[in-house]
Each structure stands twice: as C-alpha cells, then as structure tokens.
Amino acid sequence: MLAVLLMLPLLLDETAAAARLSELRAGFAGRPKSDSMAALVQLADDAPDTAAGARALDWLGDLYRGDHDRARAQAVYERAYRTRDVEARRLAARGLGDLAVEAGGYRRAQTLYGEARSGATGVLFVELGEKINLARTLERRRAAEWGAWALVLASLAYFLARSRFWRKPWPELPTEALYVVPVYILLVGGCIGRDPAVLHALWLCALWSIALIFAAGLAARRVLPGRAGRAAHATLLAVANGALFYAVCNRAGLLESLFMTVAP
C-alpha cells in the first residue's frame, strides 16, 4: 500500500498525458524513431488509465508493425484493446485485424474489423469497410487456391496413373517436357535479383508445370487416345496449368498486382 501511495505522484493525469502525446506527435518527424517509440512506452506506463496512454499504445503498435515486429505489435495492441478508452479499443481492434490478415486469419480479421467499425465515423468507417471487404476477398481467394492445388494434384495423379510409368517397356521421355525445361530455366534465371515474389511464383510454377507436362506426355505415349481423347487430354493439361498459375500467383501475393495490370 505504501508503494502505491509513493507512486501516485509519478502517474500522469489525463491533461498531462494528452499534452505529452501531442508533444510527441508534433516532434515525431524531427527525432529518431527509436526515441519516439521509447517515449510512447514511457507514456503508456506513466499514464495507464488515461485515453492518451491508450492511444500511445495504438501508435506504438502501428510503429512496431511498420518495423515488421509482429510479436511486439500484437502485445501492445492487445494491451490497448483492454483499456477503457473506446477509441483506443477501436484502433487496437483495427491493428489486431491487420495482424490477423498478415497471418492468414481472415475470418478473425473480419470479426475484429466489424467490431472496430461499430461506432466508427468518417474516414475510419470507410477504411474499415474496405478492410472487411479485402479480408473476405482474401478468404475467397485462399479457398479458390486450395481448390486449384487440388485440381493440379488430381490431374498429376491421373496422368501418372494413366502412364503406368513403373511398367516395362518404359515410355520415351516426352519431347514437350524437354522443350519447356530450358524455357523455364531462362525465365527463372532472368528474374534472379529482381522482385522476390515474382521469382518465387516463377520457380514454383516451373516445377509443377514441368511435372504436369512430363506426366501428361508419358500418359500419351503409354496409351494413345483417340481424337476425342486427345482433346480431353490436352484440355485437362491446359486447365491444370491454368489452375496452377492462379494458385502460385495467389500464394506469392501477386493477384492484386496482376488484376491491376490487366484492368482496362
């Protein structure tokens, strides 16, 4: 009890905490970021029961997230979320939703954004609505990606089973596969040192596409289909490669850029 009484003068009241937060905002551009972050931590500790202290936590969470320090951002957002200030809780819910999106928790993100949007006004209300729509879109795209990977795997399994590659006489190596290998090597090699997401998508697409083309070629050499069968064989290969393209682009986070590029 004595320790609490001794610490009371050290705690900031609402007015003093708000003044310090305003000072930090005004001088943020002219001081090192690390100093501002340390000052925000100090303010949150010195004024734990004030709106300014809670807003300091929200700002600190944004800064940690900007530095890709998700663990600390999560901790301070959760601390702000437990405060009594309504606006601080709203901003903390938004921050936690952003972290959930980055971690792939799209359903939880929608819940947090919806909670933050309740009672929000103006630009924040519009922003949270857009974030909810984005989380829904990302959730649908992930489901579509899983479906695409399932189609790719099923197609590969079908071609391999039809090829019966384990039986003698072994079929000859497919010419089409030997053709696409150097093409993919050139494409991947030309992207080295450039956009990491594009490089990731290229080599992932190359590996799976070569496997599909190779297996389809083996199947065609083992059992030569009729005219209708050849058309179905080629259609399945084309559809599987299309599904593969979608899956790897979504996995690499390139769909949004791709849609913006092809949009009229």
# chains A, B, ... in the order shown; residues from 1 in each chain; ligands from 1
$ residues_around --residues "Asp62 in chain A" --least-positions-apart "3" --cutoff "8 Å" --atoms "only C-alpha atoms" --output "count of residues only"
6
$ closest_atom_pairs --of "range 33-125 of chain A" --to "range 131-152 of chain A" --cutoff "8 Å" --atoms "only C-alpha atoms" --output "CSV"
residue,atom,partner,partner_atom,distance
A:Val101,CA,A:Ala135,CA,6.8
A:Tyr106,CA,A:Ala135,CA,5.3
A:Arg107,CA,A:Ala135,CA,7.4
A:Ala109,CA,A:Ala135,CA,6.7
A:Gln110,CA,A:Ile132,CA,5.3
A:Tyr113,CA,A:Ile132,CA,6.2
A:Gly114,CA,A:Ile132,CA,7.2
$ select_by_dssp --residues "range 9-208 of chain A" --states "alpha helix (DSSP H)" --output "ChimeraX atom specification"
/A:14-26,33-46,51-66,70-81,86-102,106-117,122-163,175-191,196-208
$ residues_around --residues "range 246-250 of chain A" --least-positions-apart "2" --cutoff "6 Å" --atoms "only C-alpha atoms" --output "ChimeraX atom specification"
/A:145,148,201,243-244,252-255
$ residues_around --residues "range 153-165 of chain A" --least-positions-apart "6" --cutoff "7 Å" --atoms "only C-alpha atoms" --output "compact mmCIF listing (two decimals) with all heavy atoms, in the first residue's frame"
# COMPACT_ATOMS: atom_id res chain seq x y z
N LEU A 212 3.58 -31.61 -64.55
CA LEU A 212 2.33 -31.88 -65.25
C LEU A 212 2.58 -32.25 -66.71
O LEU A 212 2.01 -33.23 -67.23
CB LEU A 212 1.42 -30.65 -65.18
CG LEU A 212 0.66 -30.42 -63.88
CD1 LEU A 212 0.03 -29.03 -63.87
CD2 LEU A 212 -0.43 -31.48 -63.68
N ALA A 215 4.25 -35.71 -66.96
CA ALA A 215 3.33 -36.81 -66.70
C ALA A 215 2.32 -36.97 -67.83
O ALA A 215 1.97 -38.10 -68.23
CB ALA A 215 2.61 -36.59 -65.38
N ALA A 216 1.82 -35.85 -68.36
CA ALA A 216 0.86 -35.92 -69.47
C ALA A 216 1.51 -36.53 -70.71
O ALA A 216 0.87 -37.30 -71.45
CB ALA A 216 0.33 -34.53 -69.77
N LEU A 218 4.04 -38.68 -70.76
CA LEU A 218 4.19 -40.12 -70.52
C LEU A 218 2.87 -40.86 -70.73
O LEU A 218 2.84 -41.95 -71.32
CB LEU A 218 4.70 -40.36 -69.10
CG LEU A 218 6.15 -39.97 -68.78
CD1 LEU A 218 6.46 -40.25 -67.32
CD2 LEU A 218 7.13 -40.71 -69.70
N ALA A 219 1.78 -40.26 -70.24
CA ALA A 219 0.47 -40.89 -70.40
C ALA A 219 0.09 -41.02 -71.87
O ALA A 219 -0.45 -42.03 -72.31
CB ALA A 219 -0.59 -40.09 -69.65
N ARG A 222 2.03 -43.86 -73.43
CA ARG A 222 1.65 -45.21 -72.98
C ARG A 222 0.34 -45.64 -73.61
O ARG A 222 0.21 -46.76 -74.10
CB ARG A 222 1.51 -45.21 -71.46
CG ARG A 222 1.03 -46.53 -70.88
CD ARG A 222 2.07 -47.61 -71.04
NE ARG A 222 3.16 -47.44 -70.07
CZ ARG A 222 4.19 -48.27 -69.97
NH1 ARG A 222 4.29 -49.30 -70.80
NH2 ARG A 222 5.15 -48.05 -69.09
N ALA A 240 -5.31 -27.62 -65.89
CA ALA A 240 -4.45 -27.83 -64.72
C ALA A 240 -3.36 -26.77 -64.66
O ALA A 240 -3.04 -26.25 -63.59
CB ALA A 240 -3.84 -29.22 -64.77
$ closest_residue --among "A:Arg230, A:Lys33, A:Arg94, A:Arg20" --to "Tyr77 in chain A" --atoms "only C-alpha atoms"
A:Arg94
$ decode --residues "range 187-201 of chain A" --atoms "all heavy atoms" --output "mmCIF file, in the first residue's frame"
data_model
loop_
_atom_site.group_PDB
_atom_site.id
_atom_site.type_symbol
_atom_site.label_atom_id
_atom_site.label_comp_id
_atom_site.auth_asym_id
_atom_site.auth_seq_id
_atom_site.Cartn_x
_atom_site.Cartn_y
_atom_site.Cartn_z
ATOM 1 N N LEU A 187 13.488 -18.273 -67.943
ATOM 2 C CA LEU A 187 12.571 -17.349 -67.274
ATOM 3 C C LEU A 187 12.965 -17.125 -65.816
ATOM 4 O O LEU A 187 13.010 -15.988 -65.338
ATOM 5 C CB LEU A 187 11.140 -17.889 -67.348
ATOM 6 C CG LEU A 187 10.449 -17.814 -68.715
ATOM 7 C CD1 LEU A 187 9.101 -18.545 -68.670
ATOM 8 C CD2 LEU A 187 10.251 -16.368 -69.141
ATOM 9 N N VAL A 188 13.252 -18.223 -65.114
ATOM 10 C CA VAL A 188 13.626 -18.102 -63.703
ATOM 11 C C VAL A 188 14.969 -17.394 -63.569
ATOM 12 O O VAL A 188 15.143 -16.511 -62.718
ATOM 13 C CB VAL A 188 13.673 -19.495 -63.043
ATOM 14 C CG1 VAL A 188 14.225 -19.398 -61.622
ATOM 15 C CG2 VAL A 188 12.280 -20.120 -63.020
ATOM 16 N N GLY A 189 15.927 -17.757 -64.428
ATOM 17 C CA GLY A 189 17.234 -17.120 -64.367
ATOM 18 C C GLY A 189 17.172 -15.631 -64.648
ATOM 19 O O GLY A 189 17.888 -14.836 -64.031
ATOM 20 N N GLY A 190 16.289 -15.225 -65.582
ATOM 21 C CA GLY A 190 16.160 -13.815 -65.898
ATOM 22 C C GLY A 190 15.539 -13.000 -64.785
ATOM 23 O O GLY A 190 15.651 -11.764 -64.777
ATOM 24 N N CYS A 191 14.859 -13.676 -63.825
ATOM 25 C CA CYS A 191 14.198 -12.959 -62.731
ATOM 26 C C CYS A 191 15.046 -12.916 -61.464
ATOM 27 O O CYS A 191 14.687 -12.241 -60.498
ATOM 28 C CB CYS A 191 12.845 -13.615 -62.430
ATOM 29 S SG CYS A 191 11.780 -12.657 -61.340
ATOM 30 N N ILE A 192 16.170 -13.617 -61.451
ATOM 31 C CA ILE A 192 17.018 -13.622 -60.265
ATOM 32 C C ILE A 192 17.547 -12.217 -59.991
ATOM 33 O O ILE A 192 18.053 -11.542 -60.894
ATOM 34 C CB ILE A 192 18.185 -14.606 -60.443
ATOM 35 C CG1 ILE A 192 17.670 -16.040 -60.501
ATOM 36 C CG2 ILE A 192 19.203 -14.461 -59.311
ATOM 37 C CD1 ILE A 192 18.743 -17.083 -60.765
ATOM 38 N N GLY A 193 17.410 -11.763 -58.757
ATOM 39 C CA GLY A 193 17.835 -10.427 -58.375
ATOM 40 C C GLY A 193 16.773 -9.375 -58.554
ATOM 41 O O GLY A 193 17.002 -8.208 -58.233
ATOM 42 N N ARG A 194 15.589 -9.776 -59.034
ATOM 43 C CA ARG A 194 14.506 -8.826 -59.227
ATOM 44 C C ARG A 194 13.458 -9.017 -58.140
ATOM 45 O O ARG A 194 13.805 -9.314 -57.004
ATOM 46 C CB ARG A 194 13.910 -8.969 -60.628
ATOM 47 C CG ARG A 194 14.943 -8.727 -61.737
ATOM 48 C CD ARG A 194 14.351 -8.937 -63.116
ATOM 49 N NE ARG A 194 15.366 -8.797 -64.152
ATOM 50 C CZ ARG A 194 15.703 -7.658 -64.736
ATOM 51 N NH1 ARG A 194 15.085 -6.540 -64.378
ATOM 52 N NH2 ARG A 194 16.636 -7.611 -65.670
ATOM 53 N N ASP A 195 12.193 -8.875 -58.481
ATOM 54 C CA ASP A 195 11.125 -8.964 -57.490
ATOM 55 C C ASP A 195 11.103 -10.362 -56.860
ATOM 56 O O ASP A 195 10.893 -11.355 -57.568
ATOM 57 C CB ASP A 195 9.779 -8.684 -58.173
ATOM 58 C CG ASP A 195 8.642 -8.515 -57.179
ATOM 59 O OD1 ASP A 195 8.717 -9.112 -56.087
ATOM 60 O OD2 ASP A 195 7.683 -7.796 -57.495
ATOM 61 N N PRO A 196 11.308 -10.487 -55.535
ATOM 62 C CA PRO A 196 11.323 -11.817 -54.904
ATOM 63 C C PRO A 196 10.002 -12.563 -55.055
ATOM 64 O O PRO A 196 10.002 -13.789 -55.199
ATOM 65 C CB PRO A 196 11.628 -11.503 -53.428
ATOM 66 C CG PRO A 196 12.256 -10.148 -53.441
ATOM 67 C CD PRO A 196 11.624 -9.416 -54.578
ATOM 68 N N ALA A 197 8.869 -11.834 -55.003
ATOM 69 C CA ALA A 197 7.572 -12.500 -55.129
ATOM 70 C C ALA A 197 7.403 -13.102 -56.513
ATOM 71 O O ALA A 197 6.906 -14.230 -56.655
ATOM 72 C CB ALA A 197 6.445 -11.505 -54.837
ATOM 73 N N VAL A 198 7.820 -12.382 -57.549
ATOM 74 C CA VAL A 198 7.725 -12.895 -58.911
ATOM 75 C C VAL A 198 8.652 -14.091 -59.089
ATOM 76 O O VAL A 198 8.285 -15.099 -59.715
ATOM 77 C CB VAL A 198 8.055 -11.795 -59.928
ATOM 78 C CG1 VAL A 198 8.089 -12.350 -61.353
ATOM 79 C CG2 VAL A 198 7.041 -10.659 -59.845
ATOM 80 N N LEU A 199 9.852 -14.009 -58.548
ATOM 81 C CA LEU A 199 10.793 -15.129 -58.634
ATOM 82 C C LEU A 199 10.227 -16.361 -57.941
ATOM 83 O O LEU A 199 10.317 -17.480 -58.470
ATOM 84 C CB LEU A 199 12.131 -14.731 -58.007
ATOM 85 C CG LEU A 199 13.221 -15.814 -57.993
ATOM 86 C CD1 LEU A 199 13.572 -16.231 -59.416
ATOM 87 C CD2 LEU A 199 14.464 -15.307 -57.259
ATOM 88 N N HIS A 200 9.637 -16.175 -56.776
ATOM 89 C CA HIS A 200 9.030 -17.292 -56.050
ATOM 90 C C HIS A 200 7.920 -17.928 -56.881
ATOM 91 O O HIS A 200 7.832 -19.160 -56.994
ATOM 92 C CB HIS A 200 8.472 -16.789 -54.720
ATOM 93 C CG HIS A 200 7.728 -17.821 -53.945
ATOM 94 N ND1 HIS A 200 8.343 -18.882 -53.318
ATOM 95 C CD2 HIS A 200 6.398 -17.972 -53.688
ATOM 96 C CE1 HIS A 200 7.446 -19.633 -52.716
ATOM 97 N NE2 HIS A 200 6.254 -19.103 -52.933
ATOM 98 N N ALA A 201 7.069 -17.095 -57.489
ATOM 99 C CA ALA A 201 5.980 -17.620 -58.304
ATOM 100 C C ALA A 201 6.515 -18.352 -59.535
ATOM 101 O O ALA A 201 5.984 -19.395 -59.929
ATOM 102 C CB ALA A 201 5.041 -16.484 -58.721
#
